[in-house]
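Read the structure below first, then the notes.
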Amino acid sequence: MVNELCLDILGTSFTITTDESETYLEKIMTQYRAAVQNTQKISGIKEPLNIAILTGFLLCDEINKIKQHLQEQKDASDQSLSEVSWEDQEIEERTLRLIAKLEHALNLFGDNKNE
C-alpha cells in the first residue's frame, strides 16, 4: 500500500511517497514537529534550515545513544550468561570430582569388606 505524506514544516512544503501506513506517518510527523519545536526552544535559532539541520543532528545523537544503551544491555546480558555458563561448568567439574572420590572410597571399602 503506497501512502503520501505532505510535509509542511519550517516554511517548506513537499510530499513524500512511502509504503508505511498513514498512522505511522502521522506519528513520525508529530515526533518530528515536536523535535523541531524543542530545538527552536533550546537553541533560540530562527533560521529554518539551521533548525532542521540541528534537529537532524540531535535526533541522530538520540538514536546513537539508544543504540549504545541497547548494546551495553546486550553485552551485560551476554556477560551474565557467560558467567552463569562458567559457574555451571565449575559446579559440574566439582560434582564429577566428588563422584569420582565417592566411587573410589566405595571401591576401597567394598574391597575391605570382602576380605
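Naming scheme: A, B, ... for chains in displayed order of the C-alpha cells; residues 1 onward per chain; ligands 1 onward as shown.
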DSSP on the backbone: which residues in chain A end up as strand (DSSP E or B)? Give the answer as a short mmCIF file (atom, residue, chain, number, x, y, z; two decimals) with C-alpha atoms, in the first residue's frame.
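File written: part00.cif
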data_model
loop_
_atom_site.label_atom_id
_atom_site.label_comp_id
_atom_site.auth_asym_id
_atom_site.auth_seq_id
_atom_site.Cartn_x
_atom_site.Cartn_y
_atom_site.Cartn_z
CA ASN A 3 0.80 6.42 1.04
CA GLU A 4 1.70 10.04 0.58
CA LEU A 5 2.65 12.38 3.37
CA CYS A 6 2.54 16.12 2.88
CA LEU A 7 5.26 17.72 4.92
CA ASP A 8 4.75 21.35 5.82
CA ILE A 9 7.31 22.41 8.35
CA THR A 12 8.77 24.34 3.46
CA SER A 13 6.24 22.01 1.91
CA PHE A 14 6.73 18.82 -0.03
CA THR A 15 5.19 15.38 -0.41
CA ILE A 16 6.82 12.01 0.11
CA THR A 17 5.54 8.64 -1.07
CA THR A 18 6.12 5.57 1.08
#
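Around Tyr32 (chain A), within 10 Å and counting only C-alpha atoms, the residues found are Ile9, Glu26, Lys27, Ile28, Met29, Thr30, Ala34, Ala35, Val36, Gln37, Asn38, Ala52, Thr55, Gly56 and Leu59 of chain A, once anything fewer than 2 positions away on its own chain is removed.
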Legend entry - Separation of CA of Lys67 (chain A) from CA of Asp19 (chain A) in Å: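 A separation of 25.0 Å between them.
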Legend entry - Distance in Å - CA of Glu103 (chain A) versus CA of Asp88 (chain A):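 We find that CA of Glu103 (chain A) and CA of Asp88 (chain A) lie 22.3 Å from each other.
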